[in-house]
$ cat upload23.pdb   # PDB, C-alpha atoms and all ligand atoms
ATOM      1  CA  MET A   9      28.659  99.268   3.231
ATOM      2  CA  SER A  10      28.648 102.418   1.198
ATOM      3  CA  ASP A  11      26.478 105.374   0.524
ATOM      4  CA  LEU A  12      26.170 104.680  -3.185
ATOM      5  CA  ALA A  13      23.702 107.476  -3.904
ATOM      6  CA  LEU A  14      24.751 109.013  -7.190
ATOM      7  CA  ASP A  15      24.631 112.624  -5.954
ATOM      8  CA  PRO A  16      25.272 112.550  -2.197
ATOM      9  CA  GLN A  17      24.429 115.735  -0.379
ATOM     10  CA  GLU A  18      26.672 117.240   2.249
ATOM     11  CA  THR A  19      24.751 116.827   5.486
ATOM     12  CA  PRO A  20      25.482 118.817   8.619
ATOM     13  CA  CYS A  21      24.713 117.215  11.974
ATOM     14  CA  ALA A  22      24.999 119.211  15.153
ATOM     15  CA  GLY A  23      24.795 118.459  18.868
ATOM     16  CA  GLY A  24      22.183 119.751  21.271
ATOM     17  CA  PRO A  25      19.672 118.580  23.816
ATOM     18  CA  PRO A  26      17.191 115.896  22.788
ATOM     19  CA  GLU A  27      13.498 116.300  23.310
ATOM     20  CA  GLY A  28      11.712 114.601  26.162
ATOM     21  CA  PRO A  29       9.614 111.489  25.591
ATOM     22  CA  VAL A  30       8.029 111.824  22.169
ATOM     23  CA  HIS A  31       6.927 109.471  19.413
ATOM     24  CA  ASP A  32       7.792 111.019  16.069
ATOM     25  CA  ALA A  33       7.230 108.698  13.114
ATOM     26  CA  LEU A  34       9.958 109.714  10.659
ATOM     27  CA  PRO A  35       9.173 108.197   7.252
ATOM     28  CA  GLY A  36      12.170 106.717   5.465
ATOM     29  CA  ARG A  37      12.892 108.018   2.000
ATOM     30  CA  GLU A  38      13.695 105.767  -0.899
ATOM     31  CA  VAL A  39      17.234 106.236  -2.163
ATOM     32  CA  ALA A  40      18.399 104.701  -5.439
ATOM     33  CA  LEU A  41      21.816 103.130  -5.051
ATOM     34  CA  GLY A  42      21.930 102.086  -8.689
ATOM     35  CA  PRO A  43      19.568 101.312 -11.557
ATOM     36  CA  HIS A  44      17.863  98.381  -9.765
ATOM     37  CA  THR A  45      18.568  99.090  -6.138
ATOM     38  CA  VAL A  46      16.385 101.090  -3.804
ATOM     39  CA  VAL A  47      16.840 101.249  -0.026
ATOM     40  CA  ARG A  48      14.996 103.156   2.669
ATOM     41  CA  ARG A  49      17.097 105.862   4.315
ATOM     42  CA  LEU A  50      16.015 106.507   7.902
ATOM     43  CA  LEU A  51      18.950 108.598   9.145
ATOM     44  CA  PRO A  52      19.901 111.308   8.606
ATOM     45  CA  HIS A  53      16.302 112.501   8.391
ATOM     46  CA  ARG A  54      15.301 116.031   7.525
ATOM     47  CA  SER A  55      13.885 116.562  11.001
ATOM     48  CA  ARG A  56      16.309 114.341  12.961
ATOM     49  CA  ARG A  57      19.967 114.024  11.994
ATOM     50  CA  MET A  58      21.191 111.616  14.660
ATOM     51  CA  VAL A  59      20.077 109.352  17.507
ATOM     52  CA  GLY A  60      22.919 109.274  20.036
ATOM     53  CA  ALA A  61      26.056 108.662  17.965
ATOM     54  CA  TRP A  62      24.029 106.813  15.287
ATOM     55  CA  CYS A  63      24.382 109.058  12.250
ATOM     56  CA  PHE A  64      23.272 106.895   9.327
ATOM     57  CA  ALA A  65      20.683 104.140   8.952
ATOM     58  CA  ASP A  66      19.529 102.484   5.743
ATOM     59  CA  HIS A  67      17.115  99.550   5.676
ATOM     60  CA  PHE A  68      17.891  97.068   2.887
ATOM     61  CA  GLY A  69      15.497  94.476   1.577
ATOM     62  CA  PRO A  70      14.163  91.926   2.341
ATOM     63  CA  ASP A  71      14.278  91.661  -1.450
ATOM     64  CA  ASP A  72      16.966  90.892  -3.952
ATOM     65  CA  VAL A  73      17.804  94.590  -3.670
ATOM     66  CA  PHE A  74      20.749  94.432  -6.028
ATOM     67  CA  GLY A  75      18.864  92.812  -8.919
ATOM     68  CA  GLY A  76      20.576  89.437  -9.385
ATOM     69  CA  PRO A  77      24.236  89.361  -8.366
ATOM     70  CA  GLY A  78      23.546  90.468  -4.828
ATOM     71  CA  MET A  79      25.636  93.151  -3.192
ATOM     72  CA  GLN A  80      28.690  94.107  -5.241
ATOM     73  CA  VAL A  81      30.314  97.159  -3.690
ATOM     74  CA  PRO A  82      33.900  97.827  -4.841
ATOM     75  CA  PRO A  83      36.509  99.299  -2.456
ATOM     76  CA  HIS A  84      35.430 102.660  -1.071
ATOM     77  CA  PRO A  85      36.711 104.774   1.819
ATOM     78  CA  HIS A  86      35.405 105.846   5.223
ATOM     79  CA  THR A  87      36.572 108.363   7.833
ATOM     80  CA  GLY A  88      35.428 109.409  11.298
ATOM     81  CA  LEU A  89      32.857 106.628  11.796
ATOM     82  CA  GLN A  90      32.253 102.960  12.550
ATOM     83  CA  THR A  91      30.185 100.819  10.182
ATOM     84  CA  ALA A  92      28.027  98.232  11.936
ATOM     85  CA  THR A  93      26.866  95.478   9.582
ATOM     86  CA  TRP A  94      24.010  93.325  10.879
ATOM     87  CA  LEU A  95      22.081  90.987   8.608
ATOM     88  CA  LEU A  96      18.656  89.415   9.032
ATOM     89  CA  ASP A  97      19.026  87.419   5.826
ATOM     90  CA  GLY A  98      21.773  86.831   3.280
ATOM     91  CA  GLU A  99      25.538  86.600   3.500
ATOM     92  CA  VAL A 100      28.106  89.253   2.653
ATOM     93  CA  GLY A 101      31.866  89.040   2.372
ATOM     94  CA  HIS A 102      33.913  91.907   3.802
ATOM     95  CA  ALA A 103      37.498  92.720   2.779
ATOM     96  CA  ASP A 104      39.387  95.808   3.920
ATOM     97  CA  SER A 105      42.653  97.732   3.694
ATOM     98  CA  VAL A 106      43.888  96.518   7.102
ATOM     99  CA  GLY A 107      43.870  92.965   5.731
ATOM    100  CA  SER A 108      40.583  91.638   7.125
ATOM    101  CA  VAL A 109      38.623  89.102   5.065
ATOM    102  CA  GLN A 110      35.432  88.150   6.867
ATOM    103  CA  PRO A 111      32.088  86.811   5.680
ATOM    104  CA  ILE A 112      29.133  87.827   7.814
ATOM    105  CA  ARG A 113      25.907  85.890   8.387
ATOM    106  CA  PRO A 114      22.709  86.717  10.254
ATOM    107  CA  GLY A 115      23.243  87.058  13.994
ATOM    108  CA  GLN A 116      26.839  88.250  13.640
ATOM    109  CA  LEU A 117      28.354  91.717  13.779
ATOM    110  CA  ASN A 118      31.027  93.212  11.563
ATOM    111  CA  LEU A 119      32.222  96.447  13.153
ATOM    112  CA  MET A 120      34.718  98.484  11.163
ATOM    113  CA  THR A 121      36.304 101.522  12.775
ATOM    114  CA  ALA A 122      37.473 103.948  10.113
ATOM    115  CA  GLY A 123      39.331 106.439  12.311
ATOM    116  CA  ARG A 124      41.559 108.551  10.060
ATOM    117  CA  GLY A 125      40.840 106.325   7.059
ATOM    118  CA  ILE A 126      40.083 102.812   5.852
ATOM    119  CA  SER A 127      38.709 101.297   2.666
ATOM    120  CA  HIS A 128      36.658  98.148   2.192
ATOM    121  CA  ALA A 129      34.690  96.109  -0.312
ATOM    122  CA  GLU A 130      31.495  94.150   0.289
ATOM    123  CA  VAL A 131      30.158  91.449  -1.999
ATOM    124  CA  SER A 132      27.434  88.849  -1.598
ATOM    125  CA  SER A 133      29.107  85.523  -0.932
ATOM    126  CA  ARG A 134      29.361  83.236  -3.955
ATOM    127  CA  GLY A 135      26.663  80.597  -3.882
ATOM    128  CA  ALA A 136      24.717  82.415  -1.154
ATOM    129  CA  SER A 137      21.260  83.864  -1.692
ATOM    130  CA  PRO A 138      21.252  87.296  -3.374
ATOM    131  CA  VAL A 139      18.470  88.229  -0.986
ATOM    132  CA  LEU A 140      19.706  90.742   1.528
ATOM    133  CA  HIS A 141      17.862  92.071   4.538
ATOM    134  CA  GLY A 142      19.234  94.253   7.260
ATOM    135  CA  PRO A 143      20.028  97.677   8.531
ATOM    136  CA  GLN A 144      23.179  99.475   7.400
ATOM    137  CA  LEU A 145      24.317 101.560  10.339
ATOM    138  CA  TRP A 146      27.047 104.088  10.997
ATOM    139  CA  ILE A 147      28.255 105.332  14.378
ATOM    140  CA  ALA A 148      29.990 108.730  14.545
ATOM    141  CA  LEU A 149      33.328 108.673  16.390
ATOM    142  CA  PRO A 150      34.029 111.262  19.083
ATOM    143  CA  ALA A 151      36.723 113.841  18.270
ATOM    144  CA  GLN A 152      39.507 112.028  20.144
ATOM    145  CA  GLU A 153      38.905 108.825  18.113
ATOM    146  CA  ALA A 154      38.022 110.366  14.747
ATOM    147  CA  HIS A 155      41.660 110.469  13.594
ATOM    148  CA  GLY A 156      42.758 107.262  15.301
ATOM    149  CA  PRO A 157      43.980 104.051  13.660
ATOM    150  CA  PRO A 158      41.592 102.012  11.507
ATOM    151  CA  ARG A 159      40.590  98.545  12.719
ATOM    152  CA  PHE A 160      38.069  95.766  12.210
ATOM    153  CA  GLU A 161      36.192  93.404  14.556
ATOM    154  CA  HIS A 162      33.946  90.410  13.926
ATOM    155  CA  HIS A 163      31.671  89.140  16.691
ATOM    156  CA  ALA A 164      29.848  85.829  16.228
ATOM    157  CA  ALA A 165      28.720  85.619  19.869
ATOM    158  CA  LEU A 166      26.711  88.498  21.299
ATOM    159  CA  PRO A 167      24.844  88.780  24.601
ATOM    160  CA  ALA A 168      21.195  87.735  24.667
ATOM    161  CA  LEU A 169      18.539  89.064  27.022
ATOM    162  CA  SER A 170      14.968  88.025  27.546
ATOM    163  CA  ALA A 171      11.984  88.829  29.740
ATOM    164  CA  VAL A 172       8.232  88.443  29.537
ATOM    165  CA  GLY A 173       7.113  89.329  26.002
ATOM    166  CA  TRP A 174      10.497  89.879  24.382
ATOM    167  CA  SER A 175      14.039  88.687  23.759
ATOM    168  CA  ALA A 176      16.961  90.740  22.483
ATOM    169  CA  THR A 177      20.481  90.518  21.108
ATOM    170  CA  VAL A 178      22.766  93.349  22.214
ATOM    171  CA  VAL A 179      24.653  94.094  19.001
ATOM    172  CA  VAL A 180      26.498  97.242  20.070
ATOM    173  CA  GLY A 181      26.850  99.018  23.421
ATOM    174  CA  GLU A 182      24.746  98.173  26.462
ATOM    175  CA  LEU A 183      21.140  97.284  27.267
ATOM    176  CA  MET A 184      19.812  96.503  30.770
ATOM    177  CA  GLY A 185      23.283  95.610  32.028
ATOM    178  CA  ALA A 186      24.214  93.356  29.095
ATOM    179  CA  ARG A 187      27.172  94.685  27.146
ATOM    180  CA  SER A 188      28.260  93.816  23.618
ATOM    181  CA  PRO A 189      31.973  92.982  23.294
ATOM    182  CA  ALA A 190      32.168  95.304  20.261
ATOM    183  CA  GLY A 191      34.445  98.306  20.783
ATOM    184  CA  THR A 192      32.501 101.562  20.905
ATOM    185  CA  HIS A 193      33.511 105.025  22.060
ATOM    186  CA  THR A 194      30.332 106.725  23.273
ATOM    187  CA  PRO A 195      27.485 105.559  25.545
ATOM    188  CA  ILE A 196      25.316 103.753  22.994
ATOM    189  CA  VAL A 197      22.953 100.840  22.340
ATOM    190  CA  GLY A 198      22.042  98.922  19.213
ATOM    191  CA  ALA A 199      19.902  95.833  19.770
ATOM    192  CA  GLU A 200      17.640  93.514  17.799
ATOM    193  CA  VAL A 201      14.461  92.926  19.792
ATOM    194  CA  ALA A 202      11.936  90.145  19.091
ATOM    195  CA  VAL A 203       8.560  90.891  20.654
ATOM    196  CA  ARG A 204       5.707  88.425  21.131
ATOM    197  CA  GLY A 205       2.898  89.511  23.377
ATOM    198  CA  THR A 206       3.540  92.465  25.670
ATOM    199  CA  GLY A 207       6.670  93.407  27.554
ATOM    200  CA  ALA A 208       8.792  96.342  28.631
ATOM    201  CA  LEU A 209      12.414  97.264  27.926
ATOM    202  CA  GLU A 210      14.252  99.295  30.543
ATOM    203  CA  LEU A 211      15.945 102.334  29.034
ATOM    204  CA  ARG A 212      18.373 104.948  30.323
ATOM    205  CA  PRO A 213      16.432 108.177  30.722
ATOM    206  CA  GLU A 214      19.480 110.316  29.889
ATOM    207  CA  TRP A 215      19.772 108.661  26.474
ATOM    208  CA  GLU A 216      17.618 109.225  23.426
ATOM    209  CA  HIS A 217      16.172 106.220  21.583
ATOM    210  CA  ALA A 218      14.495 105.215  18.340
ATOM    211  CA  LEU A 219      12.891 102.006  17.054
ATOM    212  CA  LEU A 220      12.920 100.554  13.575
ATOM    213  CA  LEU A 221      10.241  97.986  12.695
ATOM    214  CA  ILE A 222      11.987  95.190  10.807
ATOM    215  CA  ASP A 223       9.074  92.811  10.323
ATOM    216  CA  GLY A 224       5.635  92.072  11.733
ATOM    217  CA  SER A 225       3.569  94.750  13.429
ATOM    218  CA  ALA A 226       3.987  96.198  16.904
ATOM    219  CA  GLN A 227       2.838  98.939  19.216
ATOM    220  CA  VAL A 228       4.919 101.221  21.402
ATOM    221  CA  GLU A 229       3.033 102.491  24.444
ATOM    222  CA  GLY A 230      -0.181 101.640  22.598
ATOM    223  CA  ARG A 231       0.706 103.405  19.360
ATOM    224  CA  ALA A 232       1.434 101.415  16.221
ATOM    225  CA  LEU A 233       4.940 101.527  14.757
ATOM    226  CA  GLU A 234       4.653 102.640  11.162
ATOM    227  CA  PRO A 235       6.369 100.464   8.581
ATOM    228  CA  ARG A 236       9.214 102.006   6.574
ATOM    229  CA  SER A 237       9.723 104.628   9.278
ATOM    230  CA  LEU A 238      11.937 105.309  12.249
ATOM    231  CA  ALA A 239      10.037 105.956  15.479
ATOM    232  CA  TYR A 240      12.016 108.615  17.380
ATOM    233  CA  LEU A 241      11.218 108.268  21.089
ATOM    234  CA  GLY A 242      13.314 111.111  22.538
ATOM    235  CA  ALA A 243      14.972 110.963  25.945
ATOM    236  CA  GLY A 244      13.563 110.794  29.464
ATOM    237  CA  ARG A 245      12.143 107.245  29.309
ATOM    238  CA  ARG A 246      12.929 104.692  32.028
ATOM    239  CA  GLU A 247      11.121 102.000  30.081
ATOM    240  CA  VAL A 248       9.213 101.449  26.896
ATOM    241  CA  ARG A 249       6.244  99.080  26.635
ATOM    242  CA  LEU A 250       6.068  96.980  23.467
ATOM    243  CA  THR A 251       3.129  94.929  22.198
ATOM    244  CA  ALA A 252       3.095  92.513  19.263
ATOM    245  CA  PRO A 253       0.381  89.840  19.589
ATOM    246  CA  ALA A 254       1.473  88.082  16.369
ATOM    247  CA  GLY A 255       5.199  88.740  16.842
ATOM    248  CA  ALA A 256       7.502  91.416  15.467
ATOM    249  CA  ARG A 257      11.180  92.157  15.148
ATOM    250  CA  LEU A 258      12.521  95.619  15.945
ATOM    251  CA  PHE A 259      15.908  97.287  16.002
ATOM    252  CA  LEU A 260      16.564  99.633  18.922
ATOM    253  CA  LEU A 261      18.974 102.542  18.428
ATOM    254  CA  GLY A 262      19.942 104.777  21.312
ATOM    255  CA  GLY A 263      22.646 106.601  23.151
ATOM    256  CA  GLU A 264      23.899 109.711  24.796
ATOM    257  CA  PRO A 265      23.098 112.730  22.635
ATOM    258  CA  PHE A 266      26.158 113.404  20.466
ATOM    259  CA  PRO A 267      27.743 116.736  21.362
ATOM    260  CA  ASP A 268      29.737 117.657  18.252
ATOM    261  CA  GLU A 269      28.753 119.329  15.025
ATOM    262  CA  LEU A 270      29.480 116.950  12.161
ATOM    263  CA  VAL A 271      29.606 117.092   8.411
ATOM    264  CA  MET A 272      28.652 113.944   6.487
ATOM    265  CA  TRP A 273      29.249 113.583   2.792
ATOM    266  CA  TRP A 274      29.359 110.347   0.758
ATOM    267  CA  ASN A 275      31.224 107.901   3.005
ATOM    268  CA  PHE A 276      32.987 110.462   5.137
ATOM    269  CA  VAL A 277      32.206 111.927   8.550
ATOM    270  CA  GLY A 278      34.219 114.997   9.516
ATOM    271  CA  ARG A 279      34.009 118.183  11.474
ATOM    272  CA  SER A 280      34.469 120.684   8.642
ATOM    273  CA  HIS A 281      34.002 121.035   4.916
ATOM    274  CA  GLU A 282      37.802 121.209   4.581
ATOM    275  CA  GLU A 283      38.236 117.832   6.310
ATOM    276  CA  ILE A 284      35.775 116.239   3.892
ATOM    277  CA  ALA A 285      37.426 117.842   0.852
ATOM    278  CA  GLU A 286      40.862 116.592   2.015
ATOM    279  CA  ALA A 287      39.531 113.042   2.533
ATOM    280  CA  ARG A 288      38.045 113.064  -0.961
ATOM    281  CA  ALA A 289      41.324 114.292  -2.487
ATOM    282  CA  ASP A 290      43.332 111.640  -0.591
ATOM    283  CA  TRP A 291      40.957 108.892  -1.770
ATOM    284  CA  MET A 292      41.100 110.012  -5.398
ATOM    285  CA  ALA A 293      44.930 110.132  -5.268
ATOM    286  CA  GLY A 294      44.841 106.474  -4.176
ATOM    287  CA  VAL A 295      42.380 105.589  -6.958
ATOM    288  CA  ALA A 296      44.791 107.110  -9.491
ATOM    289  CA  GLN A 297      47.844 105.422  -7.954
ATOM    290  CA  PRO A 298      47.131 102.588  -5.496
ATOM    291  CA  ASP A 299      49.569 102.653  -2.548
ATOM    292  CA  PRO A 300      49.250 100.281   0.434
ATOM    293  CA  GLY A 301      51.002 102.899   2.590
ATOM    294  CA  SER A 302      48.555 105.680   1.743
ATOM    295  CA  ARG A 303      45.798 107.014   3.989
ATOM    296  CA  PHE A 304      43.105 104.621   2.694
ATOM    297  CA  GLY A 305      45.454 101.751   1.779
ATOM    298  CA  VAL A 306      44.513  99.044  -0.722
ATOM    299  CA  VAL A 307      41.926  96.244  -0.435
ATOM    300  CA  THR A 308      44.212  93.480  -1.672
ATOM    301  CA  ALA A 309      41.539  90.765  -1.369
ATOM    302  CA  TYR A 310      39.299  92.475  -3.967
ATOM    303  CA  ASP A 311      39.910  91.943  -7.661
ATOM    304  CA  GLY A 312      38.768  95.089  -9.438
ATOM    305  CA  PRO A 313      39.006  98.846  -9.473
ATOM    306  CA  PRO A 314      37.960 100.973  -6.482
ATOM    307  CA  LEU A 315      34.927 103.249  -6.488
ATOM    308  CA  PRO A 316      35.718 106.838  -7.480
ATOM    309  CA  ALA A 317      34.217 109.560  -5.297
ATOM    310  CA  PRO A 318      31.443 111.718  -6.736
ATOM    311  CA  ALA A 319      32.134 115.408  -7.299
ATOM    312  CA  LEU A 320      31.955 117.569  -4.198
ATOM    313  CA  PRO A 321      28.998 119.949  -4.257
ATOM    314  CA  GLY A 322      30.016 123.572  -4.716
ATOM    315  CA  VAL A 323      27.848 124.721  -1.834
ATOM    316  CA  ARG A 324      29.517 125.115   1.559
ATOM    317  CA  LEU A 325      27.929 124.198   4.841
ATOM    318  CA  LYS A 326      25.868 126.201   7.238
ATOM    319  CA  ALA A 327      25.501 125.276  10.889
ATOM    320  CA  ARG A 328      22.194 123.609  11.687
ATOM    321  CA  THR A 329      20.668 122.123  14.792
ATOM    322  CA  ARG A 330      20.938 118.404  15.420
ATOM    323  CA  ARG A 331      17.172 118.216  15.246
ATOM    324  CA  GLY A 332      17.249 119.033  11.570
ATOM    325  CA  ASP A 333      16.902 121.772   9.061
ATOM    326  CA  PRO A 334      16.076 125.296  10.164
ATOM    327  CA  ALA A 335      12.414 126.175   9.806
TER     328      ALA A 335
HETATM  329 MN    MN B 401      31.228 101.070   3.430
END

$ encode --input "upload23.pdb" --output "structure tokens"
Amino acid sequence: MSDLALDPQETPCAGGPPEGPVHDALPGREVALGPHTVVRRLLPHRSRRMVGAWCFADHFGPDDVFGGPGMQVPPHPHTGLQTATWLLDGEVGHADSVGSVQPIRPGQLNLMTAGRGISHAEVSSRGASPVLHGPQLWIALPAQEAHGPPRFEHHAALPALSAVGWSATVVVGELMGARSPAGTHTPIVGAEVAVRGTGALELRPEWEHALLLIDGSAQVEGRALEPRSLAYLGAGRREVRLTAPAGARLFLLGGEPFPDELVMWWNFVGRSHEEIAEARADWMAGVAQPDPGSRFGVVTAYDGPPLPAPALPGVRLKARTRRGDPA
């Protein structure tokens, strides 16, 4: 999916040690992706840029967030990241510049690795409900993979775990010894967790974690998860106790704290302003003159023009901590 905000801001993200066990409720902010479309942006947050390698999280729906025709996102580029598409409701068709054409339904993962550059389109499947519900998630690639070849994976079968009080699907990375087959490049976890009653998830204390409440209501270590927020839990936890007497669904994000300073702008992740500016110029050259052999290629399975990039802001970046803005 795409960051369709009309005036994307260049966002620096920097590495550094996570805090110990905390529970910071980070309220999502509403971002307009078009005249009728509002999503909740949970990452990057002003006071928390990343959780492990997770560098971007939007929560769509569960409404008809696109106002009738469903999702209609023309071809747009990515660099330096993986997009993880996971739906709770709806159906979206994916087509990309490496030739993939793949509808995705709830319970399945589309994982697209941009590397040096890829472009893709996403449209609600014809005849399917325009209702869309799910997180839109990006994973930053480590330096040695950030300029690698683009590729795409679809996973319809993912490992399931369960214990007293909960069950989980390991979407990305590893949880309690269960490993997703999806190809990732840093120690990471992304998992959907259904809670009913009380139970505990075992976590890796060297990783940082966060929980997103998808539906229902739940408590973490006795404290309620706030709706429309990301609960940042820090590092240093060997387990986390979850309670949801009436049932709840959560999404767990976690991983090893990401060491590199990053720059995010629009749909690009890079390591300098210059890298971002070059990616934008390369994309716009391909918009002007489509070339299957160019950096971002052509999405041949999409009938329509690609999405032009917004103007780059004139302001250059300053280094900031990974925790967030300077005081
Ligand atoms: Mn996208």

$ residues_near_ligand --input "upload23.pdb" --ligand "ligand MN 401 (chain B)" --cutoff "9 Å" --atoms "all atoms listed in the file" --output "MDAnalysis selection string"
chainID A and resid 9:11 81 83:86 91 120 127:130 275

$ resolve_selection --input "upload23.pdb" --expression "the PyMOL selection byres (((chain A and resi 175) around 9) and not hetatm)" --output "list in words"
Ala168, Leu169, Ser170, Ala171, Val172, Gly173, Trp174, Ala176, Thr177, Glu200, Val201, Ala202, Val203 and Arg204 of chain A

$ write_last_selection --input "upload23.pdb" --atoms "C-alpha atoms" --output "PDB file, in the frame of the given file"
ATOM      1  CA  ALA A 168      21.195  87.735  24.667  1.00  0.00           C
ATOM      2  CA  LEU A 169      18.539  89.064  27.022  1.00  0.00           C
ATOM      3  CA  SER A 170      14.968  88.025  27.546  1.00  0.00           C
ATOM      4  CA  ALA A 171      11.984  88.829  29.740  1.00  0.00           C
ATOM      5  CA  VAL A 172       8.232  88.443  29.537  1.00  0.00           C
ATOM      6  CA  GLY A 173       7.113  89.329  26.002  1.00  0.00           C
ATOM      7  CA  TRP A 174      10.497  89.879  24.382  1.00  0.00           C
ATOM      8  CA  ALA A 176      16.961  90.740  22.483  1.00  0.00           C
ATOM      9  CA  THR A 177      20.481  90.518  21.108  1.00  0.00           C
ATOM     10  CA  GLU A 200      17.640  93.514  17.799  1.00  0.00           C
ATOM     11  CA  VAL A 201      14.461  92.926  19.792  1.00  0.00           C
ATOM     12  CA  ALA A 202      11.936  90.145  19.091  1.00  0.00           C
ATOM     13  CA  VAL A 203       8.560  90.891  20.654  1.00  0.00           C
ATOM     14  CA  ARG A 204       5.707  88.425  21.131  1.00  0.00           C
TER      15      ARG A 204
END

$ resolve_selection --input "upload23.pdb" --expression "the PyMOL selection byres (((chain A and resi 214) around 10) and not hetatm)" --output "list in words"
Pro26, Gly28, Leu211, Arg212, Pro213, Trp215, Glu216, His217, Gly242, Ala243, Gly244, Arg245, Arg246, Gly263, Glu264 and Pro265 of chain A

$ residues_near_point --input "upload23.pdb" --point "(28.9, 91.6, 6.8)" --cutoff "6 Å" --atoms "all atoms listed in the file" --output "NGL selection string"
:A and (93 or 100-102 or 111-112 or 118)

$ residues_around --input "upload23.pdb" --residues "A:Arg249" --least-positions-apart "2" --cutoff "7 Å" --atoms "only C-alpha atoms" --output "PyMOL selection string"
chain A and resi 207-209+228-229+247+251

$ residues_around --input "upload23.pdb" --residues "stretch 293-296 of chain A" --least-positions-apart "5" --cutoff "12 Å" --atoms "only C-alpha atoms" --output "JSON list (two decimals) with C-alpha atoms, keeping the file's coordinate frame"
[["chain", "number", "residue", "atom", "x", "y", "z"],
["A", 82, "PRO", "CA", 33.90, 97.83, -4.84],
["A", 83, "PRO", "CA", 36.51, 99.30, -2.46],
["A", 84, "HIS", "CA", 35.43, 102.66, -1.07],
["A", 85, "PRO", "CA", 36.71, 104.77, 1.82],
["A", 105, "SER", "CA", 42.65, 97.73, 3.69],
["A", 125, "GLY", "CA", 40.84, 106.32, 7.06],
["A", 126, "ILE", "CA", 40.08, 102.81, 5.85],
["A", 127, "SER", "CA", 38.71, 101.30, 2.67],
["A", 286, "GLU", "CA", 40.86, 116.59, 2.02],
["A", 287, "ALA", "CA", 39.53, 113.04, 2.53],
["A", 288, "ARG", "CA", 38.04, 113.06, -0.96],
["A", 301, "GLY", "CA", 51.00, 102.90, 2.59],
["A", 302, "SER", "CA", 48.56, 105.68, 1.74],
["A", 303, "ARG", "CA", 45.80, 107.01, 3.99],
["A", 304, "PHE", "CA", 43.10, 104.62, 2.69],
["A", 305, "GLY", "CA", 45.45, 101.75, 1.78],
["A", 306, "VAL", "CA", 44.51, 99.04, -0.72],
["A", 307, "VAL", "CA", 41.93, 96.24, -0.44],
["A", 312, "GLY", "CA", 38.77, 95.09, -9.44],
["A", 313, "PRO", "CA", 39.01, 98.85, -9.47],
["A", 314, "PRO", "CA", 37.96, 100.97, -6.48],
["A", 315, "LEU", "CA", 34.93, 103.25, -6.49],
["A", 316, "PRO", "CA", 35.72, 106.84, -7.48],
["A", 317, "ALA", "CA", 34.22, 109.56, -5.30]]

$ residues_around --input "upload23.pdb" --residues "A:Ala190" --least-positions-apart "3" --cutoff "12 Å" --atoms "all atoms listed in the file" --output "number ranges by chain"
A: 90-93, 116-121, 159-167, 178-182, 187, 193-194, 196-198

$ residues_around --input "upload23.pdb" --residues "A:Pro150" --least-positions-apart "3" --cutoff "12 Å" --atoms "all atoms listed in the file" --output "PDB file with C-alpha atoms, keeping the file's coordinate frame"
ATOM      1  CA  GLY A  23      24.795 118.459  18.868  1.00  0.00           C
ATOM      2  CA  GLY A  60      22.919 109.274  20.036  1.00  0.00           C
ATOM      3  CA  ALA A  61      26.056 108.662  17.965  1.00  0.00           C
ATOM      4  CA  TRP A  62      24.029 106.813  15.287  1.00  0.00           C
ATOM      5  CA  THR A  87      36.572 108.363   7.833  1.00  0.00           C
ATOM      6  CA  GLY A  88      35.428 109.409  11.298  1.00  0.00           C
ATOM      7  CA  LEU A  89      32.857 106.628  11.796  1.00  0.00           C
ATOM      8  CA  GLN A  90      32.253 102.960  12.550  1.00  0.00           C
ATOM      9  CA  THR A 121      36.304 101.522  12.775  1.00  0.00           C
ATOM     10  CA  GLY A 123      39.331 106.439  12.311  1.00  0.00           C
ATOM     11  CA  ILE A 147      28.255 105.332  14.378  1.00  0.00           C
ATOM     12  CA  GLU A 153      38.905 108.825  18.113  1.00  0.00           C
ATOM     13  CA  ALA A 154      38.022 110.366  14.747  1.00  0.00           C
ATOM     14  CA  HIS A 155      41.660 110.469  13.594  1.00  0.00           C
ATOM     15  CA  GLY A 156      42.758 107.262  15.301  1.00  0.00           C
ATOM     16  CA  THR A 192      32.501 101.562  20.905  1.00  0.00           C
ATOM     17  CA  HIS A 193      33.511 105.025  22.060  1.00  0.00           C
ATOM     18  CA  THR A 194      30.332 106.725  23.273  1.00  0.00           C
ATOM     19  CA  PRO A 195      27.485 105.559  25.545  1.00  0.00           C
ATOM     20  CA  GLU A 264      23.899 109.711  24.796  1.00  0.00           C
ATOM     21  CA  PRO A 265      23.098 112.730  22.635  1.00  0.00           C
ATOM     22  CA  PHE A 266      26.158 113.404  20.466  1.00  0.00           C
ATOM     23  CA  PRO A 267      27.743 116.736  21.362  1.00  0.00           C
ATOM     24  CA  ASP A 268      29.737 117.657  18.252  1.00  0.00           C
ATOM     25  CA  GLU A 269      28.753 119.329  15.025  1.00  0.00           C
ATOM     26  CA  LEU A 270      29.480 116.950  12.161  1.00  0.00           C
ATOM     27  CA  VAL A 277      32.206 111.927   8.550  1.00  0.00           C
ATOM     28  CA  GLY A 278      34.219 114.997   9.516  1.00  0.00           C
ATOM     29  CA  ARG A 279      34.009 118.183  11.474  1.00  0.00           C
TER      30      ARG A 279
END

$ closest_residue --input "upload23.pdb" --among "A:Glu210, A:Leu34, A:Ala136, A:Ala239" --to "A:Gly185" --atoms "all atoms listed in the file"
A:Glu210

$ closest_residue --input "upload23.pdb" --among "A:Leu260, A:Ile284, A:Ala33, A:Ala103" --to "A:Gln80" --atoms "only C-alpha atoms"
A:Ala103

$ closest_residue --input "upload23.pdb" --among "A:Gly230, A:Leu145, A:Gly224, A:Trp273" --to "A:Ala254" --atoms "only C-alpha atoms"
A:Gly224

$ closest_residue --input "upload23.pdb" --among "A:Ala199, A:Val46, A:Ala186, A:Leu238" --to "A:Trp94" --atoms "only C-alpha atoms"
A:Ala199
